[in-house]
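Chemist: Handing you this structure, nothing more for now.
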Amino acid sequence: MINHLITQKNWQTQLSEGITSIDELLSILKLESLRADVYVPEHFELRVPRAFVAKMTVGDSNDPLLKQVLPDRQEQVTVTGYVADPLAENAHNPTKGLLHKYKSRVLLTITGACAIHCRYCFRQHFDYSANMPTADAKQSIIDYITAHPEINEVILSGGDPLNVTNRRLFAWLDTLEAIPQLTTIRLHTRLPIVIPARLDASLLERLAQSRCHIVMVIHCNHANEIDVLTAEYLQRARAAGMTLLNQAVLLKGINDSVAAQIALSQRLFAAGVLPYYLHVLDKVAGAAHFDSDERSAVALYWSLLAALPGYLVPKLVRELPDRPFKVPIDIYNGA
């Protein structure tokens with residue numbers, strides 16, 4: 001159960017008080033014996049909010065939430081085919097802060113910061129310092145979108161777009177809403193899961209007032225990430241008129257069982273969120289130990305189709321470089 005002394009703090013305080021010490025994390029969870037199995041990374045260090053840690057089971061070294069954030073020595077093993085830029089995003093970066101890979105939508109990396117460092121993150125090696133849009137770059141972004149009338153949707157990403165202040169986020173919303181051709185603004189975020197209080201009244205009120213359709217795609221991998229309080233905040237966002245979707249990553253030893261995926265879909269739906277994508281792992285350097293083979297993923301997917309109504313079965317996909325869409329996994333291959 002979440003410690004209410006943590007969750008009563010505002011989201012910015014919770015953000016600033018996140019855990020960055022491996023020793024502190026292991027001490028809180030009474031798992032000091034794991035110290036020999038982990039390492040302190042020089043890049044992409046440990047970062048996890050206390051509210052998320054409070055959802056972990058004390059004394060359980062196999063806790064599915066802990067395994068997503070605790071640096072493991074396996075990250076140091078070089079594995080062929082696992083690279084720094086698995087989606088070749090640098091090739092789709094026409095102007096600073098903007099990625100244009102899919103025809104009708106563009107993605108803005110408005111921050112490089114996240115509240116949590118997931119060890120499988122496909123952007124853990126991304127050069128955010130070279131891609132943060134400055135005030136001057138905003139006009140270039142507007143000009144680019146205007147010059148491409150087929151673009152009708154902007155995805156705010158990062159990092160995590162909800163990691164920035166409301167003032168800064170609202171300024172981006174004002175800018176985008178002033179572009180007539182845009183009909184949808186999408187936010188890809190993990191904050192509502194790891195610090196639910198981020199969905200504060202001011203944010204929800206502003207999003208509800210947008211002339212654009214607001215879609216919030218959260219990132220949740222395991223049912224244990226959604227407790228009662230998290231569900232309450234998500235339901236408030238849905239009540240404010242947003243479309244809530246979830247994208248998860250299939251992670252070996254964490255959520256690659258039928259039971260785990262069924263529980264996740266059901267917990268999401270109870271919180272007002274529809275399963276959207278189940279991603280096969282992007283082959284990013286340092287994350288090979290999380291990868292589940294495609295045949296196992298397909299077998300799991302068939303079981304989900306048999307166990308759940310269609311609207312609770314996420315699309316099983318892989319994102320590949322230079323493809324203008326998410327690539328569906330062929331579930332009939334070897335079925």
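Residues are referred to by chain and number: the chain letter is A, B, ... according to the order shown in the structure tokens, the number counts from 1 in that chain, and ligands are numbered separately from 1 in the order shown.
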I'd like the neighbourhood of Val58 (chain A) as a ChimeraX atom specification, where a residue qualifies if any of its atoms comes within 8 Å (using only C-alpha atoms), though same-chain residues fewer than 3 positions away should be ignored.
Modeler: /A:28-31
Chemist: Which of region 185-330 of chain A counts as strand (DSSP E or B) under DSSP, as JSON, numbers by chain please?
Modeler: {"A": [185, 186, 187, 188, 189, 213, 214, 215, 216, 217, 218, 219, 243, 244, 245, 246, 247, 248, 249, 274, 275, 276, 277, 278, 279, 284, 315, 316, 317, 318, 327, 328]}
Chemist: Skipping near chain neighbours, those fewer than 5 positions away, what residues fall within 10 Å of Pro41 (chain A) using only C-alpha atoms, listed as a list of chain:residue names?
Modeler: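 Neighbouring residues, sequence-local ones excluded: A:Leu46, A:Pro71, A:Asp72, A:Arg73, A:Glu75, A:Gln76.
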Chemist: Can you pull out the residues contacting region 186-192 of chain A? Cut-off 9 Å, using only C-alpha atoms, and skip same-chain residues under 4 positions away; I want them as an MDAnalysis selection string.
Modeler: chainID A and resid 114:116 153:163 196:199 213:220 230 233:234
Chemist: Could you save those same residues with C-alpha atoms as a PDB file, in the first residue's frame?
Modeler:
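The result, written out as out-v1.pdb:
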```pdb
ATOM      1  CA  CYS A 114      11.757  11.451 -16.815  1.00  0.00           C
ATOM      2  CA  ALA A 115      10.575  10.794 -13.283  1.00  0.00           C
ATOM      3  CA  ILE A 116      11.701   7.191 -13.639  1.00  0.00           C
ATOM      4  CA  GLU A 153      -1.685  15.295 -34.802  1.00  0.00           C
ATOM      5  CA  VAL A 154       1.207  16.188 -32.512  1.00  0.00           C
ATOM      6  CA  ILE A 155       2.600  13.789 -29.935  1.00  0.00           C
ATOM      7  CA  LEU A 156       4.244  15.380 -26.910  1.00  0.00           C
ATOM      8  CA  SER A 157       7.011  13.119 -25.734  1.00  0.00           C
ATOM      9  CA  GLY A 158      10.506  13.212 -24.314  1.00  0.00           C
ATOM     10  CA  GLY A 159      11.615  12.195 -21.789  1.00  0.00           C
ATOM     11  CA  ASP A 160       8.180  12.608 -20.318  1.00  0.00           C
ATOM     12  CA  PRO A 161       6.090  15.653 -21.306  1.00  0.00           C
ATOM     13  CA  LEU A 162       4.381  15.710 -17.906  1.00  0.00           C
ATOM     14  CA  ASN A 163       7.794  16.119 -16.290  1.00  0.00           C
ATOM     15  CA  PRO A 196      -0.326   9.848  -9.857  1.00  0.00           C
ATOM     16  CA  ALA A 197      -0.574  13.297  -8.256  1.00  0.00           C
ATOM     17  CA  ARG A 198       0.824  14.738 -11.498  1.00  0.00           C
ATOM     18  CA  LEU A 199      -2.760  14.666 -12.768  1.00  0.00           C
ATOM     19  CA  HIS A 213      -8.945  16.120 -28.953  1.00  0.00           C
ATOM     20  CA  ILE A 214      -6.611  15.151 -26.091  1.00  0.00           C
ATOM     21  CA  VAL A 215      -5.314  11.590 -26.040  1.00  0.00           C
ATOM     22  CA  MET A 216      -3.191  10.476 -23.103  1.00  0.00           C
ATOM     23  CA  VAL A 217      -1.200   7.317 -23.699  1.00  0.00           C
ATOM     24  CA  ILE A 218       0.138   6.071 -20.408  1.00  0.00           C
ATOM     25  CA  HIS A 219       2.907   3.512 -20.015  1.00  0.00           C
ATOM     26  CA  CYS A 220       2.063   0.726 -17.588  1.00  0.00           C
ATOM     27  CA  THR A 230      -3.573   5.591  -9.168  1.00  0.00           C
ATOM     28  CA  TYR A 233      -6.445   9.795 -10.670  1.00  0.00           C
ATOM     29  CA  LEU A 234      -6.801   8.030 -14.023  1.00  0.00           C
TER      30      LEU A 234
END
```
Chemist: Using only C-alpha atoms, determine which residues lie at most 7 Å from region 250-259 of chain A, disregarding the query and same-chain residues fewer than 5 positions distant; provide the list as a list in words.
Modeler: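 So, after excluding close chain neighbours, the residues are Pro64, Asn221, His222, Leu278, His279, Val280, Leu281, Phe290, Asp291, Ser292, Leu300, Ser303 and Leu304 of chain A.
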Chemist: Using only C-alpha atoms, which of the listed residues (A:Val273, A:Ile110, A:Met56, A:Ala299) sits closest to Asn246 (chain A)?
Modeler: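 Nearest candidate to Asn246 (chain A) out of A:Val273, A:Ile110, A:Met56, A:Ala299: A:Val273.
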Chemist: Mind checking which residues fall within 8 Å of Asp23 (chain A), counting only C-alpha atoms, ignoring those fewer than 3 positions away in the same chain, and posting them as a VMD selection string?
Modeler: chain A and resid 26 to 27 32 35
Chemist: Might you pull out every residue within 8 Å of region 308-313 of chain A, with only C-alpha atoms counted and same-chain residues fewer than 2 positions away left off, and present them as a PyMOL selection string?
Modeler: chain A and resi 262+265-266+269+274-276+304-306+315
Chemist: When DSSP is applied to the backbone of this structure, which of region 116-209 of chain A are assigned helix (DSSP H, G or I)? Write them out as an MDAnalysis selection string.
Modeler: chainID A and resid 128:130 135:146 161:163 166:177 191:194 196:198 201:208
Chemist: Find, counting only C-alpha atoms, the residue in A:Leu87, A:Lys101, A:Pro180, A:Lys55 that gets nearest to Val228 (chain A).
Modeler: A:Lys55
Chemist: Ranking A:Ala113, A:Ile179, A:Tyr301, A:Leu34 by minimum distance to Asp60 (chain A) and counting only C-alpha atoms, which one comes first?
Modeler: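 Nearest candidate to Asp60 (chain A) out of A:Ala113, A:Ile179, A:Tyr301, A:Leu34: A:Leu34.
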Chemist: How many Å lie between CA of Leu108 (chain A) and CA of Gln12 (chain A), rounded to one decimal?
Modeler: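 Interatomic distance here is 22.3 Å.
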Chemist: Which is closest to Ala237 (chain A) among A:Leu98, A:Ala271, A:Ala297, A:Ile151, if we use only C-alpha atoms?
Modeler: A:Ala271
